[in-house]
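Enquirer: Take a look at the following structure, please.
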Amino acid sequence: MKQLRCFLCQQNAPFIPNQILCSRCGQPMLFADESDQKKKIQAEKKLSLEKYQDFLPLDSIDPNLCLGEGQTPLIRLLKLENEYKFPPLLAKVEAANPTLSFKDRGTAVLVQKVKQLGIKKIGTVSTGNMASSTAAYGARAGLETTLLVKKGTSIGALLSSAAFNPLIIEVDGDYGQLFYKSYELGRKFGIYFANSVDPLRIEGYKLTSLEICLQLGEAPDYVFVPVSSGGHLLGLLKGFIEFKEAGFISAVPTIVGIQAEGCSPIARAFEADREQVERFPRVETIAHSISNPNPPAGNLVLRLIRENHGLIIAVSDEEMLRAQQLLCQQEGLFVQPESASTLAAYLKLKNLDKIQGRAVLVLTGHGLKAAENNSVDNTRLFQSTLQELESILAFASRS
Ligand SMILES: Cc1ncc(COP(=O)(O)O)c(C=O)c1O
Ligand SMILES: [Zn+2]
């Protein structure tokens, strides 16, 4: 796995940081798996990158660069199953990663390669989970880290990155153009800009699929995943395809990608049977982490989802918030509304009788990362003095 390939127009290219977009069609290129060596899982190894190294474009793994990413829980959502008479429903809790999102899996692979190549500076274009993940791993690896964020990013969103002391530049301008500009500046300043669709990140996301199959004992029938740029979905799909080719599973699950109704460029193209994703005109959603109006991997996601019999659907903000509440109050899982979109989509498809079989919801990020959408329920919050406490408790506690 040394070369990149455009899986849309089949062009090959060498792997060069900041040159990861296909020169012919503009879609992100991914690592091509040319090796015909039989792949093994090294179950006895401790770290996730070590266990699945045969599936990664890494010749060696430095354990000191890892933060304990991966090997996240896969848990049954039994209360939901029982209440709604669902077939087996499970959650892959990616919020359990070191910086509370799936992004750590990608950043972990990235820093390994960056150190091996002798690169000293990394960067990313993000305001959220990818920024804090990159800053954390950058700090641990002793790399200078540059984050390019949108002007007006809230202090709350900045804090989870700023704690690691990266260079942060707030940029006033079109966020979509900033993505492409970062590659140009990266080449000039020797900074590897690993953005959302970076091929090394995508290799890291593959491991989620491998883990799901090993934890379940086989591939699930459905996997639900929120989609913004499309990088995560590509990684999951690539993981299942390679795991099948290696003979570990017999079929690739149906992947269901979910977008917010208020920013659903890929879902719209999917429904309309178009091959090209069009820029979404006006973004209006609380789900900021999945609100890319111009997804860089959009066309590739469309092609691969169709080829592998998946689907892309949209859910409303209200459906996401209701699903977030269900996951919290029924299952004890506090995840971002973006991540709860998976349950919202599951409920939608289930109501249409379109789910037959075992499904896994990939819960991409922790609720604390987007807590501005939540409030304290006033009917459950009381004030008391020490003297009054007993009578207030007697009044308020559920009998
Ligand atoms: C919590 C969460 N879920 C889903 C996504 C979407 O991932 P992608 O941009 O790879 O499609 C993101 C991206 O930042 C995210 O932060
Ligand atoms: Zn191409």
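For the structure tokens, the naming scheme is as follows: chains receive sequential letters (A, B, ...) according to their order of presentation, residues are indexed from 1 within each chain, and ligands are indexed from 1 in presentation order.
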Apply DSSP to the structure's backbone, then extract all residues of segment 131-368 of chain A labelled strand (DSSP E) and return them as a count of residues only.

Expert: 37

Enquirer: Go through the chains and note each residue within 12 Å of ligand 2, using only C-alpha atoms and all ligand atoms, then give the set as a list in words.

Expert: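 So the residues close to ligand 2 are Leu4, Arg5, Cys6, Phe7, Leu8, Cys9, Gln10, Gln11, Asn12, Ala13, Ile20, Leu21, Cys22, Ser23, Arg24, Cys25, Gly26, Gln27, Pro28, Met29, Leu30, Ala297, Asn299, Leu300 and Arg303 of chain A.
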
Enquirer: Of the residues A:Leu236, A:Ile249, A:Ala157, A:Val114, which is the one nearest to Glu372 of chain A, using only C-alpha atoms?

Expert: A:Ala157

Enquirer: Show me which residues line ligand 1, defined as having an atom within 8 Å of a ligand atom where only C-alpha atoms and all ligand atoms count, and present them as a PDB file with N, CA and C atoms, in the first residue's frame.

Expert:
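Written out: result_17.pdb:
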```
ATOM      1  N   SER A 101     -13.761  11.490  19.812  1.00  0.00           N
ATOM      2  CA  SER A 101     -14.388  11.253  18.503  1.00  0.00           C
ATOM      3  C   SER A 101     -13.579  10.260  17.672  1.00  0.00           C
ATOM      4  N   PHE A 102     -14.204   9.794  16.585  1.00  0.00           N
ATOM      5  CA  PHE A 102     -13.562   8.824  15.679  1.00  0.00           C
ATOM      6  C   PHE A 102     -12.316   9.382  15.014  1.00  0.00           C
ATOM      7  N   LYS A 103     -12.186  10.702  15.014  1.00  0.00           N
ATOM      8  CA  LYS A 103     -11.075  11.332  14.286  1.00  0.00           C
ATOM      9  C   LYS A 103      -9.717  10.813  14.765  1.00  0.00           C
ATOM     10  N   SER A 126     -10.372  22.673  10.102  1.00  0.00           N
ATOM     11  CA  SER A 126     -11.490  22.142  10.885  1.00  0.00           C
ATOM     12  C   SER A 126     -11.761  23.068  12.056  1.00  0.00           C
ATOM     13  N   GLY A 128     -13.746  21.640  14.584  1.00  0.00           N
ATOM     14  CA  GLY A 128     -14.317  20.766  15.596  1.00  0.00           C
ATOM     15  C   GLY A 128     -13.432  19.609  15.989  1.00  0.00           C
ATOM     16  N   ASN A 129     -14.001  18.409  15.836  1.00  0.00           N
ATOM     17  CA  ASN A 129     -13.348  17.206  16.334  1.00  0.00           C
ATOM     18  C   ASN A 129     -11.993  16.939  15.698  1.00  0.00           C
ATOM     19  N   MET A 130     -11.873  17.212  14.408  1.00  0.00           N
ATOM     20  CA  MET A 130     -10.595  16.916  13.744  1.00  0.00           C
ATOM     21  C   MET A 130      -9.505  17.854  14.237  1.00  0.00           C
ATOM     22  N   SER A 196     -10.115  16.382   6.119  1.00  0.00           N
ATOM     23  CA  SER A 196     -11.088  15.306   6.397  1.00  0.00           C
ATOM     24  C   SER A 196     -10.996  14.091   5.476  1.00  0.00           C
ATOM     25  N   VAL A 197     -10.561  14.286   4.225  1.00  0.00           N
ATOM     26  CA  VAL A 197     -10.545  13.153   3.289  1.00  0.00           C
ATOM     27  C   VAL A 197      -9.116  12.667   3.029  1.00  0.00           C
ATOM     28  N   VAL A 225     -23.916   5.598   9.478  1.00  0.00           N
ATOM     29  CA  VAL A 225     -22.825   6.535   9.769  1.00  0.00           C
ATOM     30  C   VAL A 225     -23.169   7.936   9.250  1.00  0.00           C
ATOM     31  N   PRO A 226     -22.947   8.967  10.086  1.00  0.00           N
ATOM     32  CA  PRO A 226     -23.202  10.330   9.603  1.00  0.00           C
ATOM     33  C   PRO A 226     -22.160  10.755   8.566  1.00  0.00           C
ATOM     34  N   VAL A 227     -22.571  11.600   7.629  1.00  0.00           N
ATOM     35  CA  VAL A 227     -21.667  11.974   6.527  1.00  0.00           C
ATOM     36  C   VAL A 227     -21.598  13.490   6.354  1.00  0.00           C
ATOM     37  N   SER A 228     -20.370  13.988   6.285  1.00  0.00           N
ATOM     38  CA  SER A 228     -20.196  15.405   5.951  1.00  0.00           C
ATOM     39  C   SER A 228     -19.285  15.519   4.736  1.00  0.00           C
ATOM     40  N   SER A 229     -17.955  15.428   4.963  1.00  0.00           N
ATOM     41  CA  SER A 229     -17.023  15.438   3.824  1.00  0.00           C
ATOM     42  C   SER A 229     -17.068  14.108   3.082  1.00  0.00           C
ATOM     43  N   GLY A 230     -17.372  13.044   3.818  1.00  0.00           N
ATOM     44  CA  GLY A 230     -17.429  11.703   3.243  1.00  0.00           C
ATOM     45  C   GLY A 230     -16.234  10.829   3.606  1.00  0.00           C
ATOM     46  N   GLY A 231     -15.228  11.402   4.272  1.00  0.00           N
ATOM     47  CA  GLY A 231     -14.009  10.649   4.585  1.00  0.00           C
ATOM     48  C   GLY A 231     -14.265   9.425   5.466  1.00  0.00           C
ATOM     49  N   HIS A 232     -15.060   9.617   6.502  1.00  0.00           N
ATOM     50  CA  HIS A 232     -15.310   8.529   7.445  1.00  0.00           C
ATOM     51  C   HIS A 232     -16.027   7.372   6.758  1.00  0.00           C
ATOM     52  N   LEU A 233     -17.077   7.708   6.012  1.00  0.00           N
ATOM     53  CA  LEU A 233     -17.832   6.656   5.305  1.00  0.00           C
ATOM     54  C   LEU A 233     -16.914   5.883   4.349  1.00  0.00           C
ATOM     55  N   LEU A 234     -16.052   6.612   3.629  1.00  0.00           N
ATOM     56  CA  LEU A 234     -15.144   5.916   2.699  1.00  0.00           C
ATOM     57  C   LEU A 234     -14.258   4.935   3.438  1.00  0.00           C
ATOM     58  N   SER A 289     -21.099  19.627  12.730  1.00  0.00           N
ATOM     59  CA  SER A 289     -20.027  18.706  12.298  1.00  0.00           C
ATOM     60  C   SER A 289     -20.353  17.980  11.001  1.00  0.00           C
ATOM     61  N   ILE A 290     -21.628  18.008  10.618  1.00  0.00           N
ATOM     62  CA  ILE A 290     -21.975  17.363   9.339  1.00  0.00           C
ATOM     63  C   ILE A 290     -22.655  18.385   8.425  1.00  0.00           C
ATOM     64  N   ASN A 292     -21.019  20.254   5.816  1.00  0.00           N
ATOM     65  CA  ASN A 292     -20.187  20.674   4.682  1.00  0.00           C
ATOM     66  C   ASN A 292     -21.068  20.775   3.423  1.00  0.00           C
ATOM     67  N   PRO A 295     -19.085  18.767  -0.189  1.00  0.00           N
ATOM     68  CA  PRO A 295     -18.221  17.686   0.316  1.00  0.00           C
ATOM     69  C   PRO A 295     -17.161  17.251  -0.700  1.00  0.00           C
ATOM     70  N   GLN A 336     -23.106  13.410  20.293  1.00  0.00           N
ATOM     71  CA  GLN A 336     -23.511  14.607  19.557  1.00  0.00           C
ATOM     72  C   GLN A 336     -24.788  14.322  18.770  1.00  0.00           C
ATOM     73  N   GLU A 338     -25.184  14.971  15.799  1.00  0.00           N
ATOM     74  CA  GLU A 338     -24.675  14.456  14.521  1.00  0.00           C
ATOM     75  C   GLU A 338     -24.577  12.926  14.574  1.00  0.00           C
ATOM     76  N   SER A 339     -24.118  12.415  15.703  1.00  0.00           N
ATOM     77  CA  SER A 339     -23.945  10.965  15.865  1.00  0.00           C
ATOM     78  C   SER A 339     -25.291  10.282  16.068  1.00  0.00           C
ATOM     79  N   LEU A 363     -21.424   5.748  16.558  1.00  0.00           N
ATOM     80  CA  LEU A 363     -21.635   6.974  17.343  1.00  0.00           C
ATOM     81  C   LEU A 363     -20.323   7.748  17.360  1.00  0.00           C
ATOM     82  N   THR A 364     -20.244   8.748  16.459  1.00  0.00           N
ATOM     83  CA  THR A 364     -18.958   9.334  16.071  1.00  0.00           C
ATOM     84  C   THR A 364     -18.325  10.270  17.096  1.00  0.00           C
ATOM     85  N   GLY A 365     -19.160  10.960  17.901  1.00  0.00           N
ATOM     86  CA  GLY A 365     -18.556  11.932  18.811  1.00  0.00           C
ATOM     87  C   GLY A 365     -19.364  12.131  20.082  1.00  0.00           C
ATOM     88  N   HIS A 366     -18.684  12.523  21.155  1.00  0.00           N
ATOM     89  CA  HIS A 366     -19.302  12.670  22.475  1.00  0.00           C
ATOM     90  C   HIS A 366     -20.182  13.922  22.546  1.00  0.00           C
TER      91      HIS A 366
END
```

Enquirer: For Leu56 of chain A, which residue among A:Ala287, A:Cys213, A:Ile305, A:Ile41 is the nearest when counting only C-alpha atoms?

Expert: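 For Leu56 of chain A, the nearest of the given residues is A:Ile41.
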
Enquirer: In Å, how far is it from atom CA of Pro14 of chain A to atom CA of Ile202 of chain A?

Expert: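 For atom CA of Pro14 of chain A relative to atom CA of Ile202 of chain A, the distance reads 16.4 Å.
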
Enquirer: Just want the 10 Å neighbourhood of Ala371 of chain A, counted on only C-alpha atoms, with same-chain residues fewer than 2 positions away dropped. Output as a ChimeraX atom specification.

Expert: /A:156,334-337,366-369,373-375

Enquirer: Extract the full set of alpha helix (DSSP H) residues from segment 173-381 of chain A according to DSSP on the backbone, and format it as a PDB file with C-alpha atoms, in the first residue's frame.

Expert:
```pdb
ATOM      1  CA  TYR A 175     -14.562  27.673   4.011  1.00  0.00           C
ATOM      2  CA  GLY A 176     -14.757  25.433   0.924  1.00  0.00           C
ATOM      3  CA  GLN A 177     -11.979  27.397  -0.776  1.00  0.00           C
ATOM      4  CA  LEU A 178      -9.899  27.261   2.402  1.00  0.00           C
ATOM      5  CA  PHE A 179      -9.816  23.462   2.059  1.00  0.00           C
ATOM      6  CA  TYR A 180      -8.107  23.717  -1.371  1.00  0.00           C
ATOM      7  CA  LYS A 181      -5.942  26.699  -0.355  1.00  0.00           C
ATOM      8  CA  SER A 182      -4.529  24.703   2.571  1.00  0.00           C
ATOM      9  CA  TYR A 183      -2.882  22.216   0.177  1.00  0.00           C
ATOM     10  CA  GLU A 184      -1.218  25.022  -1.765  1.00  0.00           C
ATOM     11  CA  LEU A 185       0.075  26.618   1.440  1.00  0.00           C
ATOM     12  CA  GLY A 186       1.078  23.260   2.838  1.00  0.00           C
ATOM     13  CA  ARG A 187       3.375  22.651  -0.139  1.00  0.00           C
ATOM     14  CA  LYS A 188       4.878  26.118   0.270  1.00  0.00           C
ATOM     15  CA  PHE A 189       5.422  26.006   4.052  1.00  0.00           C
ATOM     16  CA  PRO A 199      -5.889   9.003   2.635  1.00  0.00           C
ATOM     17  CA  LEU A 200      -3.971   8.285   5.864  1.00  0.00           C
ATOM     18  CA  ARG A 201      -6.959   9.286   7.979  1.00  0.00           C
ATOM     19  CA  ILE A 202      -9.186   7.057   5.844  1.00  0.00           C
ATOM     20  CA  GLU A 203      -6.864   4.104   6.512  1.00  0.00           C
ATOM     21  CA  GLY A 204      -7.383   4.671  10.253  1.00  0.00           C
ATOM     22  CA  TYR A 205     -11.176   4.676   9.896  1.00  0.00           C
ATOM     23  CA  LYS A 206     -11.011   1.244   8.250  1.00  0.00           C
ATOM     24  CA  LEU A 207     -10.116  -0.289  11.582  1.00  0.00           C
ATOM     25  CA  THR A 208     -13.581   0.513  12.952  1.00  0.00           C
ATOM     26  CA  SER A 209     -15.061  -1.909  10.420  1.00  0.00           C
ATOM     27  CA  LEU A 210     -12.549  -4.635  11.258  1.00  0.00           C
ATOM     28  CA  GLU A 211     -13.254  -4.255  14.967  1.00  0.00           C
ATOM     29  CA  ILE A 212     -17.045  -4.371  14.449  1.00  0.00           C
ATOM     30  CA  CYS A 213     -16.754  -7.674  12.570  1.00  0.00           C
ATOM     31  CA  LEU A 214     -14.427  -9.200  15.140  1.00  0.00           C
ATOM     32  CA  GLN A 215     -16.538  -8.029  18.072  1.00  0.00           C
ATOM     33  CA  LEU A 216     -19.705  -9.408  16.443  1.00  0.00           C
ATOM     34  CA  GLY A 231     -14.009  10.649   4.585  1.00  0.00           C
ATOM     35  CA  HIS A 232     -15.310   8.529   7.445  1.00  0.00           C
ATOM     36  CA  LEU A 233     -17.832   6.656   5.305  1.00  0.00           C
ATOM     37  CA  LEU A 234     -15.144   5.916   2.699  1.00  0.00           C
ATOM     38  CA  GLY A 235     -12.900   4.493   5.400  1.00  0.00           C
ATOM     39  CA  LEU A 236     -15.612   2.247   6.821  1.00  0.00           C
ATOM     40  CA  LEU A 237     -16.564   0.956   3.387  1.00  0.00           C
ATOM     41  CA  LYS A 238     -12.930   0.379   2.400  1.00  0.00           C
ATOM     42  CA  GLY A 239     -12.429  -1.516   5.648  1.00  0.00           C
ATOM     43  CA  PHE A 240     -15.329  -3.907   4.999  1.00  0.00           C
ATOM     44  CA  ILE A 241     -14.291  -4.434   1.370  1.00  0.00           C
ATOM     45  CA  GLU A 242     -10.680  -5.245   2.302  1.00  0.00           C
ATOM     46  CA  PHE A 243     -11.774  -7.456   5.195  1.00  0.00           C
ATOM     47  CA  LYS A 244     -13.974  -9.401   2.776  1.00  0.00           C
ATOM     48  CA  GLU A 245     -11.152  -9.685   0.224  1.00  0.00           C
ATOM     49  CA  PRO A 265     -25.911  17.704  -0.830  1.00  0.00           C
ATOM     50  CA  ILE A 266     -25.021  14.004  -1.163  1.00  0.00           C
ATOM     51  CA  ALA A 267     -28.454  12.743  -0.080  1.00  0.00           C
ATOM     52  CA  ARG A 268     -30.103  15.021  -2.652  1.00  0.00           C
ATOM     53  CA  ALA A 269     -27.893  13.759  -5.472  1.00  0.00           C
ATOM     54  CA  PHE A 270     -28.510  10.180  -4.347  1.00  0.00           C
ATOM     55  CA  GLU A 271     -32.294  10.605  -4.361  1.00  0.00           C
ATOM     56  CA  GLY A 298     -19.173  13.652  -2.545  1.00  0.00           C
ATOM     57  CA  ASN A 299     -18.989  12.147  -6.037  1.00  0.00           C
ATOM     58  CA  LEU A 300     -16.848   9.261  -4.870  1.00  0.00           C
ATOM     59  CA  VAL A 301     -19.192   8.501  -1.976  1.00  0.00           C
ATOM     60  CA  LEU A 302     -22.135   8.462  -4.400  1.00  0.00           C
ATOM     61  CA  ARG A 303     -20.387   6.044  -6.762  1.00  0.00           C
ATOM     62  CA  LEU A 304     -19.154   3.651  -4.069  1.00  0.00           C
ATOM     63  CA  ILE A 305     -22.401   3.683  -2.112  1.00  0.00           C
ATOM     64  CA  ARG A 306     -24.326   2.784  -5.278  1.00  0.00           C
ATOM     65  CA  GLU A 307     -21.834   0.088  -6.273  1.00  0.00           C
ATOM     66  CA  ASP A 317     -32.700  18.463  13.384  1.00  0.00           C
ATOM     67  CA  GLU A 318     -35.766  17.498  15.437  1.00  0.00           C
ATOM     68  CA  GLU A 319     -35.281  13.818  14.580  1.00  0.00           C
ATOM     69  CA  MET A 320     -31.616  14.010  15.597  1.00  0.00           C
ATOM     70  CA  LEU A 321     -32.390  15.700  18.916  1.00  0.00           C
ATOM     71  CA  ARG A 322     -35.115  13.177  19.713  1.00  0.00           C
ATOM     72  CA  ALA A 323     -32.724  10.321  18.885  1.00  0.00           C
ATOM     73  CA  GLN A 324     -30.034  11.952  21.040  1.00  0.00           C
ATOM     74  CA  GLN A 325     -32.473  11.979  23.951  1.00  0.00           C
ATOM     75  CA  LEU A 326     -33.392   8.332  23.387  1.00  0.00           C
ATOM     76  CA  LEU A 327     -29.736   7.262  23.380  1.00  0.00           C
ATOM     77  CA  CYS A 328     -29.128   9.222  26.581  1.00  0.00           C
ATOM     78  CA  GLN A 329     -32.190   8.286  28.536  1.00  0.00           C
ATOM     79  CA  GLN A 330     -32.708   4.705  27.359  1.00  0.00           C
ATOM     80  CA  GLU A 331     -29.131   3.590  26.887  1.00  0.00           C
ATOM     81  CA  PRO A 337     -26.776  15.128  17.644  1.00  0.00           C
ATOM     82  CA  GLU A 338     -24.675  14.456  14.521  1.00  0.00           C
ATOM     83  CA  SER A 339     -23.945  10.965  15.865  1.00  0.00           C
ATOM     84  CA  ALA A 340     -27.530  10.425  17.017  1.00  0.00           C
ATOM     85  CA  SER A 341     -28.545  11.024  13.386  1.00  0.00           C
ATOM     86  CA  THR A 342     -27.730   7.326  12.969  1.00  0.00           C
ATOM     87  CA  LEU A 343     -30.549   6.300  15.305  1.00  0.00           C
ATOM     88  CA  ALA A 344     -32.870   8.862  13.686  1.00  0.00           C
ATOM     89  CA  ALA A 345     -32.203   7.273  10.286  1.00  0.00           C
ATOM     90  CA  TYR A 346     -32.609   3.779  11.716  1.00  0.00           C
ATOM     91  CA  LEU A 347     -36.029   4.696  13.144  1.00  0.00           C
ATOM     92  CA  LYS A 348     -37.034   6.162   9.798  1.00  0.00           C
ATOM     93  CA  LEU A 349     -36.058   3.067   7.797  1.00  0.00           C
ATOM     94  CA  LYS A 350     -37.509   0.736  10.408  1.00  0.00           C
ATOM     95  CA  ASN A 351     -40.859   2.518  10.197  1.00  0.00           C
TER      96      ASN A 351
END
```

Enquirer: Identify, on the basis of only C-alpha atoms, every residue whose closest approach to Asp221 of chain A does not exceed 10 Å; exclude the query and any residue fewer than 6 positions from it along the same chain; express the result as JSON, numbers by chain.

Expert: {"A": [251, 252, 253, 254, 255, 355, 356, 357, 358, 359, 360]}

Enquirer: Using only C-alpha atoms, which of A:Val109, A:Ile312, A:Ala394, A:Val376 sits nearest Tyr52 of chain A?

Expert: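 Closest to Tyr52 of chain A, using only C-alpha atoms: A:Val109.
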
Enquirer: Please indicate the distance in Å from atom CA of Leu65 of chain A to atom CA of Arg105 of chain A, rounded to one decimal place.

Expert: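 The value is 12.1 Å.
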